[in-house]
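**Student:** Sharing a structure below in structure tokens format, with a few things to ask.
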Amino acid sequence: MEKSKSTTHFATLVTVFFFWGFLAASNGVFIPFCKGHFNLTQLESQLIDLAFYFAYFLGSLSLYLYQRMSKVDLLNKIGYKMGIVYGLIISAVGALTMIGSISLGNYWLILASFFLIAMGFSLQQTCAQPFAIALGDPATGSHRLNLAGGVNSFAATVGPIIVSYFLFGSIKGAEKVEISSVNTMYGFLAILFLGVALFFYKSQLPSVTTDEELEPGAGALKYPQLVLGMIAIFVYVGVEVSIQSNLGALLKLPEFGGYAESGISHFISLYWGSMMIGRWTGSITVFNLSKVWFNILTIVVPYLAFAVVLGANVIGGNDVSELYIYAAVIPLLILAIFLGQEKPARTLLILSLFGMAAMLIGLFTTGKVAVFAFVSGGLYCSVMWPCIFALAVAGLGKYTSQGSTFLIMMILGGAIIPPAQGLLADMESIQIHQSYWLAVACFAYLAFYGYKVANILRSQGVEFNQKSSAGH
């Protein structure tokens, strides 16, 4: 494929990566709105995450079971391009049903609409990631995924700001949300999904498929690095989502600022912006740089990304003055990356220990110190996905594709862990602040996996010190 065409095709494909980040991060603003509007408990409000991320799991599992039972690779039959088109249409239908659900004032129908939107995302993601690798030299496929991941993270940064504008009329606007504003937002998204689906359908994207044969049975599960890695992906996605999904309830407490629902978007944006800071920094490793340039960019890039986060909030109308102090937290990420030495097991272990320390600081303090400690969880989660993924499939050989499918299913953690924290927060003896002990436990398991998997792979004679890079 010609380089110019490949670049154009990839630019078209990357739009769906934007949608995933935009909607997933925006849940952090939409959850506290629903909690107040429908008078929900913290557990009930977290059912939004359950519906959203369970759809990813069920979508992947359904596709997997269909392929195993019918012996037909559906995506190979229709092609990745049409898979994305169908996924966008499903998401558009979900956005349209959301308008009716909100107008009826039925929270359970709203959850069903979230589920439908995410089912479309599941199909899009299943197709888009291998499609990105296929659009050019396979040797540089990880570069394209890293760039797409950067776009995803940027969308996650601006998403809460834009959604706050739709919900509240302005970033710091009215406390009462007009239902018409929410309907307008989802109507706009439905039109956008359908427009992009039509654009994809009419585009000159190649009809990429795969000739890989389906592996019968569940042979990949005999590898302990995969089984433990599946739990790690479950825990990682869960804690990544749960930290910010419960942050809105924490910020409403007087000892954490007493913020109204319309005044939290810059903190949610900073959390997802922290993911972007880490992923942009982690992406440096995919380039063949001299040690001097690598060291310089590892220090400079995170602050450039932080500037982008601040700039997005300024454009959105937020006062970012209280976010400046976060610049003092970023060196911890830089230190973790240098200590990790570009080795996935070592990097995962160090980031997990830093994440545990941050959560403990948040638990034993209040005010801005605690808030920024919890928000910094985004920095430490940012490059965990590629570390876990690379370690979990290392040495699987012919079972690599099957193992990858199992790992994608474990995005289910985003559906289970946030409601679990919500349940803890609703307990009179624990409440929202102390519910973050669950995050400590999650980071503790990730640290265990980082330590344990190195020994497992070593015993199998598998080389596991490949460079890690940003991804999910």
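Identifiers for the structure tokens are assigned positionally: chains receive A, B, ... in sequence, residues are indexed from 1 per chain, and ligands are indexed from 1 in the order shown.
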Can you pull out the residues contacting segment 297-304 of chain A? Cut-off 7 Å, using only C-alpha atoms, and skip same-chain residues under 5 positions away; I want them as a PyMOL selection string.
**Tutor:** chain A and resi 277-278+280-281+334
**Student:** Using N, CA and C atoms, can you write the selected residues to a file as a PDB file, in the first residue's frame?
**Tutor:**
ATOM      1  N   ILE A 277      -0.946  11.943  29.502  1.00  0.00           N
ATOM      2  CA  ILE A 277       0.431  12.303  29.839  1.00  0.00           C
ATOM      3  C   ILE A 277       1.306  11.058  29.851  1.00  0.00           C
ATOM      4  N   GLY A 278       0.831  10.004  30.496  1.00  0.00           N
ATOM      5  CA  GLY A 278       1.600   8.774  30.571  1.00  0.00           C
ATOM      6  C   GLY A 278       1.743   8.082  29.234  1.00  0.00           C
ATOM      7  N   TRP A 280       1.504   9.387  26.138  1.00  0.00           N
ATOM      8  CA  TRP A 280       2.396  10.128  25.231  1.00  0.00           C
ATOM      9  C   TRP A 280       3.851   9.897  25.618  1.00  0.00           C
ATOM     10  N   THR A 281       4.111   9.872  26.915  1.00  0.00           N
ATOM     11  CA  THR A 281       5.479   9.647  27.377  1.00  0.00           C
ATOM     12  C   THR A 281       5.915   8.224  27.067  1.00  0.00           C
ATOM     13  N   ILE A 334       7.750  10.248  35.625  1.00  0.00           N
ATOM     14  CA  ILE A 334       9.036  10.233  34.920  1.00  0.00           C
ATOM     15  C   ILE A 334      10.013   9.297  35.629  1.00  0.00           C
TER      16      ILE A 334
END
**Student:** Just list as a PDB file with C-alpha atoms, in the first residue's frame whatever in segment 340-393 of chain A DSSP marks as alpha helix (DSSP H).
**Tutor:**
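Output file selection.pdb is given in full below:
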ATOM      1  CA  GLY A 340      11.233   0.622  34.638  1.00  0.00           C
ATOM      2  CA  PRO A 344       7.184  -4.487  30.963  1.00  0.00           C
ATOM      3  CA  ALA A 345       7.343  -6.615  34.135  1.00  0.00           C
ATOM      4  CA  ARG A 346       9.584  -4.161  35.953  1.00  0.00           C
ATOM      5  CA  THR A 347       7.575  -1.158  34.733  1.00  0.00           C
ATOM      6  CA  LEU A 348       4.285  -2.748  35.814  1.00  0.00           C
ATOM      7  CA  LEU A 349       5.653  -3.570  39.271  1.00  0.00           C
ATOM      8  CA  ILE A 350       6.971  -0.037  39.839  1.00  0.00           C
ATOM      9  CA  LEU A 351       3.831   1.706  38.546  1.00  0.00           C
ATOM     10  CA  SER A 352       1.661  -0.534  40.728  1.00  0.00           C
ATOM     11  CA  LEU A 353       3.678   0.284  43.842  1.00  0.00           C
ATOM     12  CA  PHE A 354       3.470   4.002  43.014  1.00  0.00           C
ATOM     13  CA  GLY A 355      -0.292   3.603  42.513  1.00  0.00           C
ATOM     14  CA  MET A 356      -0.654   1.917  45.908  1.00  0.00           C
ATOM     15  CA  ALA A 357       1.316   4.722  47.555  1.00  0.00           C
ATOM     16  CA  ALA A 358      -0.859   7.380  45.883  1.00  0.00           C
ATOM     17  CA  MET A 359      -4.089   5.715  47.016  1.00  0.00           C
ATOM     18  CA  LEU A 360      -2.782   5.403  50.575  1.00  0.00           C
ATOM     19  CA  ILE A 361      -1.841   9.101  50.639  1.00  0.00           C
ATOM     20  CA  GLY A 362      -5.359   9.895  49.456  1.00  0.00           C
ATOM     21  CA  LEU A 363      -6.884   7.685  52.126  1.00  0.00           C
ATOM     22  CA  GLY A 367      -8.378  18.363  50.693  1.00  0.00           C
ATOM     23  CA  LYS A 368      -6.294  18.971  47.582  1.00  0.00           C
ATOM     24  CA  VAL A 369      -3.541  16.576  48.673  1.00  0.00           C
ATOM     25  CA  ALA A 370      -5.996  13.679  48.701  1.00  0.00           C
ATOM     26  CA  VAL A 371      -7.746  14.776  45.506  1.00  0.00           C
ATOM     27  CA  PHE A 372      -4.518  15.004  43.519  1.00  0.00           C
ATOM     28  CA  ALA A 373      -3.271  11.754  45.042  1.00  0.00           C
ATOM     29  CA  PHE A 374      -6.365   9.962  43.739  1.00  0.00           C
ATOM     30  CA  VAL A 375      -6.187  11.758  40.382  1.00  0.00           C
ATOM     31  CA  GLY A 377      -3.830   7.136  39.730  1.00  0.00           C
ATOM     32  CA  GLY A 378      -4.342   8.030  36.075  1.00  0.00           C
ATOM     33  CA  LEU A 379      -0.600   8.564  35.655  1.00  0.00           C
ATOM     34  CA  TYR A 380       0.235   5.140  37.052  1.00  0.00           C
ATOM     35  CA  CYS A 381      -2.516   3.326  35.122  1.00  0.00           C
ATOM     36  CA  MET A 384      -0.163  -0.624  32.319  1.00  0.00           C
ATOM     37  CA  TRP A 385      -2.315  -2.047  29.490  1.00  0.00           C
ATOM     38  CA  PRO A 386       0.561  -2.760  27.050  1.00  0.00           C
ATOM     39  CA  CYS A 387       2.745  -4.095  29.863  1.00  0.00           C
ATOM     40  CA  ILE A 388       0.084  -6.570  31.004  1.00  0.00           C
ATOM     41  CA  PHE A 389      -0.929  -7.505  27.461  1.00  0.00           C
ATOM     42  CA  ALA A 390       2.640  -8.173  26.297  1.00  0.00           C
ATOM     43  CA  LEU A 391       3.433 -10.273  29.365  1.00  0.00           C
ATOM     44  CA  ALA A 392       0.184 -12.245  29.243  1.00  0.00           C
ATOM     45  CA  VAL A 393       0.590 -13.385  25.620  1.00  0.00           C
TER      46      VAL A 393
END
**Student:** How close does segment 19-51 of chain A get to segment 430-438 of chain A? List, as a tab-separated table, each residue of segment 19-51 of chain A within 12 Å, its nearest atom pair and the distance in Å to one decimal, counting only C-alpha atoms.
**Tutor:**
residue	atom	partner	partner_atom	distance
A:Thr41	CA	A:Ile432	CA	11.2
A:Gln42	CA	A:Ile432	CA	8.4
A:Leu43	CA	A:Ile432	CA	10.6
**Student:** Please dump the current selection as a short mmCIF file (atom, residue, chain, number, x, y, z; two decimals), in the first residue's frame; keep C-alpha atoms.
**Tutor:**
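Dumped everything to selection_33.cif:
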data_model
loop_
_atom_site.label_atom_id
_atom_site.label_comp_id
_atom_site.auth_asym_id
_atom_site.auth_seq_id
_atom_site.Cartn_x
_atom_site.Cartn_y
_atom_site.Cartn_z
CA THR A 41 -27.31 5.53 45.83
CA GLN A 42 -23.62 5.46 44.94
CA LEU A 43 -23.95 1.79 43.95
#
**Student:** So, with only C-alpha atoms as the atoms that count, which of A:Ala249, A:Gly120, A:Ile408, A:Leu457 lies closest to Asp426 of chain A?
**Tutor:** A:Ala249
**Student:** Tell me which protein, DNA and RNA residues are within 12 Å of Gly395 of chain A, counting only C-alpha atoms, leaving out same-chain ones fewer than 3 positions away, and put them as number ranges by chain.
**Tutor:** A: 220, 222-226, 390-392, 398-401, 403, 453, 456-464
**Student:** Take the residues from that selection and write them out as a PDB file, in the first residue's frame, keeping C-alpha atoms.
**Tutor:**
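Okay, this is what ended up in out-v4.pdb:
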ATOM      1  CA  ALA A 220      -4.413 -20.788  25.833  1.00  0.00           C
ATOM      2  CA  LYS A 222      -3.025 -23.719  30.209  1.00  0.00           C
ATOM      3  CA  TYR A 223      -0.522 -20.851  30.398  1.00  0.00           C
ATOM      4  CA  PRO A 224      -0.366 -19.285  33.897  1.00  0.00           C
ATOM      5  CA  GLN A 225       0.933 -15.963  32.529  1.00  0.00           C
ATOM      6  CA  LEU A 226      -2.333 -15.643  30.564  1.00  0.00           C
ATOM      7  CA  ALA A 390       2.640  -8.173  26.297  1.00  0.00           C
ATOM      8  CA  LEU A 391       3.433 -10.273  29.365  1.00  0.00           C
ATOM      9  CA  ALA A 392       0.184 -12.245  29.243  1.00  0.00           C
ATOM     10  CA  LYS A 398      -0.231 -20.516  18.168  1.00  0.00           C
ATOM     11  CA  TYR A 399      -2.584 -19.608  21.033  1.00  0.00           C
ATOM     12  CA  THR A 400      -1.688 -15.908  20.902  1.00  0.00           C
ATOM     13  CA  SER A 401      -4.879 -14.882  19.052  1.00  0.00           C
ATOM     14  CA  GLY A 403      -5.255 -15.425  24.423  1.00  0.00           C
ATOM     15  CA  VAL A 453       4.928 -13.169  35.772  1.00  0.00           C
ATOM     16  CA  ILE A 456       6.817 -17.632  35.309  1.00  0.00           C
ATOM     17  CA  LEU A 457       8.226 -16.541  31.959  1.00  0.00           C
ATOM     18  CA  ARG A 458      11.762 -17.085  33.111  1.00  0.00           C
ATOM     19  CA  SER A 459      10.906 -20.670  34.050  1.00  0.00           C
ATOM     20  CA  GLN A 460       9.501 -21.191  30.530  1.00  0.00           C
ATOM     21  CA  GLY A 461      12.607 -19.736  28.908  1.00  0.00           C
ATOM     22  CA  VAL A 462      10.569 -16.895  27.420  1.00  0.00           C
ATOM     23  CA  GLU A 463      12.206 -13.533  26.719  1.00  0.00           C
ATOM     24  CA  PHE A 464      10.033 -10.908  28.430  1.00  0.00           C
TER      25      PHE A 464
END
**Student:** Would you pick out the contacts of Gly238 of chain A at 9 Å or less, using only C-alpha atoms, so that residues sharing its chain but fewer than 6 positions from it are not included, and give the list as a PDB file with N, CA and C atoms, in the first residue's frame?
**Tutor:**
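And here's around.pdb as it stands now:
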ATOM      1  N   ILE A 411     -12.040  -6.716  29.919  1.00  0.00           N
ATOM      2  CA  ILE A 411     -12.469  -5.328  30.102  1.00  0.00           C
ATOM      3  C   ILE A 411     -13.698  -5.307  31.010  1.00  0.00           C
ATOM      4  N   LEU A 412     -14.279  -6.493  31.212  1.00  0.00           N
ATOM      5  CA  LEU A 412     -15.391  -6.668  32.147  1.00  0.00           C
ATOM      6  C   LEU A 412     -15.108  -6.040  33.514  1.00  0.00           C
ATOM      7  N   GLY A 413     -13.833  -5.928  33.887  1.00  0.00           N
ATOM      8  CA  GLY A 413     -13.486  -5.317  35.176  1.00  0.00           C
ATOM      9  C   GLY A 413     -14.055  -3.927  35.338  1.00  0.00           C
ATOM     10  N   GLY A 414     -14.188  -3.197  34.219  1.00  0.00           N
ATOM     11  CA  GLY A 414     -14.773  -1.862  34.273  1.00  0.00           C
ATOM     12  C   GLY A 414     -16.253  -1.881  34.612  1.00  0.00           C
ATOM     13  N   ALA A 415     -16.884  -3.065  34.472  1.00  0.00           N
ATOM     14  CA  ALA A 415     -18.303  -3.193  34.815  1.00  0.00           C
ATOM     15  C   ALA A 415     -18.512  -3.643  36.247  1.00  0.00           C
ATOM     16  N   ILE A 416     -17.525  -4.295  36.836  1.00  0.00           N
ATOM     17  CA  ILE A 416     -17.693  -4.907  38.144  1.00  0.00           C
ATOM     18  C   ILE A 416     -17.099  -4.074  39.286  1.00  0.00           C
ATOM     19  N   ILE A 417     -15.879  -3.598  39.117  1.00  0.00           N
ATOM     20  CA  ILE A 417     -15.180  -2.951  40.225  1.00  0.00           C
ATOM     21  C   ILE A 417     -15.777  -1.595  40.609  1.00  0.00           C
ATOM     22  N   PRO A 418     -16.171  -0.717  39.655  1.00  0.00           N
ATOM     23  CA  PRO A 418     -16.802   0.542  40.077  1.00  0.00           C
ATOM     24  C   PRO A 418     -18.070   0.346  40.909  1.00  0.00           C
ATOM     25  N   ALA A 439      -9.154   0.356  45.658  1.00  0.00           N
ATOM     26  CA  ALA A 439      -8.122   0.701  44.680  1.00  0.00           C
ATOM     27  C   ALA A 439      -6.744   0.233  45.142  1.00  0.00           C
ATOM     28  N   CYS A 442      -6.473  -3.372  44.358  1.00  0.00           N
ATOM     29  CA  CYS A 442      -6.280  -3.593  42.918  1.00  0.00           C
ATOM     30  C   CYS A 442      -4.820  -3.371  42.526  1.00  0.00           C
TER      31      CYS A 442
END
**Student:** Could you check how far atom CA of Ile89 of chain A sits from atom CA of Tyr271 of chain A, in Å to one decimal?
**Tutor:** 29.8 Å
**Student:** Leaving out Ala118 of chain A and any residue of its chain fewer than 5 positions from it, which residues lie within 10 Å of it when counting only C-alpha atoms, given as a PDB file with C-alpha atoms, in the first residue's frame?
**Tutor:**
ATOM      1  CA  TRP A  20     -14.258   5.456  22.667  1.00  0.00           C
ATOM      2  CA  LEU A  23     -17.754   8.606  25.831  1.00  0.00           C
ATOM      3  CA  ALA A  24     -15.927   6.463  28.408  1.00  0.00           C
ATOM      4  CA  ALA A  51     -23.789  -1.428  31.663  1.00  0.00           C
ATOM      5  CA  PHE A  52     -21.073   0.248  29.603  1.00  0.00           C
ATOM      6  CA  TYR A  53     -18.225  -2.180  30.240  1.00  0.00           C
ATOM      7  CA  PHE A  54     -20.328  -5.334  30.498  1.00  0.00           C
ATOM      8  CA  ALA A  55     -21.364  -4.635  26.911  1.00  0.00           C
ATOM      9  CA  TYR A  56     -17.699  -4.840  25.880  1.00  0.00           C
ATOM     10  CA  PHE A  57     -17.421  -8.223  27.572  1.00  0.00           C
ATOM     11  CA  GLY A  59     -19.988  -8.325  22.727  1.00  0.00           C
ATOM     12  CA  GLY A  87     -20.584  -0.988  15.076  1.00  0.00           C
ATOM     13  CA  ILE A  90     -25.381   0.113  16.614  1.00  0.00           C
ATOM     14  CA  SER A  91     -23.912   2.982  18.668  1.00  0.00           C
ATOM     15  CA  GLY A  94     -28.094   3.415  21.248  1.00  0.00           C
ATOM     16  CA  ALA A 112     -29.961  -0.171  28.416  1.00  0.00           C
ATOM     17  CA  SER A 113     -29.068   2.672  26.056  1.00  0.00           C
ATOM     18  CA  LEU A 123     -17.522  -4.350  17.601  1.00  0.00           C
ATOM     19  CA  GLN A 124     -15.640  -1.232  16.514  1.00  0.00           C
TER      20      GLN A 124
END
**Student:** Report the distance between atom CA of Ser26 of chain A and atom CA of Val158 of chain A in Å, rounded to one decimal place.
**Tutor:**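 Calculated distance between atom CA of Ser26 of chain A and atom CA of Val158 of chain A is 8.7 Å.
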**Student:** Residues within 9 Å of Ala260 of chain A, please, as an mmCIF file with C-alpha atoms, in the first residue's frame. Count only C-alpha atoms; anything in the same chain fewer than 4 positions from it doesn't count.
**Tutor:**
data_model
loop_
_atom_site.group_PDB
_atom_site.id
_atom_site.type_symbol
_atom_site.label_atom_id
_atom_site.label_comp_id
_atom_site.auth_asym_id
_atom_site.auth_seq_id
_atom_site.Cartn_x
_atom_site.Cartn_y
_atom_site.Cartn_z
ATOM 1 C CA GLU A 175 -26.774 23.699 38.748
ATOM 2 C CA GLY A 248 -17.549 13.019 41.672
ATOM 3 C CA LEU A 251 -15.520 15.941 45.521
ATOM 4 C CA LYS A 252 -18.988 16.851 46.819
ATOM 5 C CA ILE A 264 -15.935 18.791 38.711
#
**Student:** Neighbouring residues of segment 312-317 of chain A were defined as those with any atom within 7 Å, considering only C-alpha atoms; residues of the same chain fewer than 4 positions away were excluded. Please report them as an mmCIF file with N, CA and C atoms, in the first residue's frame.
**Tutor:**
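Listed below is the output, out-v5.cif:
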data_model
loop_
_atom_site.group_PDB
_atom_site.id
_atom_site.type_symbol
_atom_site.label_atom_id
_atom_site.label_comp_id
_atom_site.auth_asym_id
_atom_site.auth_seq_id
_atom_site.Cartn_x
_atom_site.Cartn_y
_atom_site.Cartn_z
ATOM 1 N N VAL A 158 -10.794 15.883 26.721
ATOM 2 C CA VAL A 158 -11.748 16.945 26.379
ATOM 3 C C VAL A 158 -13.195 16.504 26.565
ATOM 4 N N ILE A 161 -15.178 17.913 29.565
ATOM 5 C CA ILE A 161 -15.386 19.355 29.410
ATOM 6 C C ILE A 161 -16.560 19.626 28.477
ATOM 7 N N ILE A 171 -19.404 25.447 31.394
ATOM 8 C CA ILE A 171 -18.615 24.611 32.279
ATOM 9 C C ILE A 171 -18.916 24.917 33.745
ATOM 10 N N HIS A 266 -13.116 19.694 35.442
ATOM 11 C CA HIS A 266 -11.683 19.874 35.261
ATOM 12 C C HIS A 266 -10.880 18.811 36.000
ATOM 13 N N VAL A 308 -1.305 20.616 27.286
ATOM 14 C CA VAL A 308 -2.477 20.361 26.451
ATOM 15 C C VAL A 308 -3.720 20.192 27.329
#
**Student:** Under the rule that only C-alpha atoms are counted, which of A:Met185, A:Ala190, A:Tyr165, A:Tyr201 is the nearest residue to Tyr80 of chain A?
**Tutor:**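 Of the candidates, the smallest distance to Tyr80 of chain A is held by A:Tyr201.
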**Student:** May I ask which of the residues A:Ile162, A:Gly149, A:Tyr86, A:Phe234 is the closest one to Cys127 of chain A, counting only C-alpha atoms?
**Tutor:** A:Tyr86
**Student:** When you count only C-alpha atoms, which of these residues is closest to Val196 of chain A: A:Ser180, A:Ser242, A:Asn455, A:Thr12?
**Tutor:**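 Ranking A:Ser180, A:Ser242, A:Asn455, A:Thr12 by distance to Val196 of chain A, first place goes to A:Thr12.
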**Student:** How many Å separate atom CA of Ile48 of chain A from atom CA of Pro419 of chain A?
**Tutor:**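 Separation of atom CA of Ile48 of chain A and atom CA of Pro419 of chain A: 8.8 Å.
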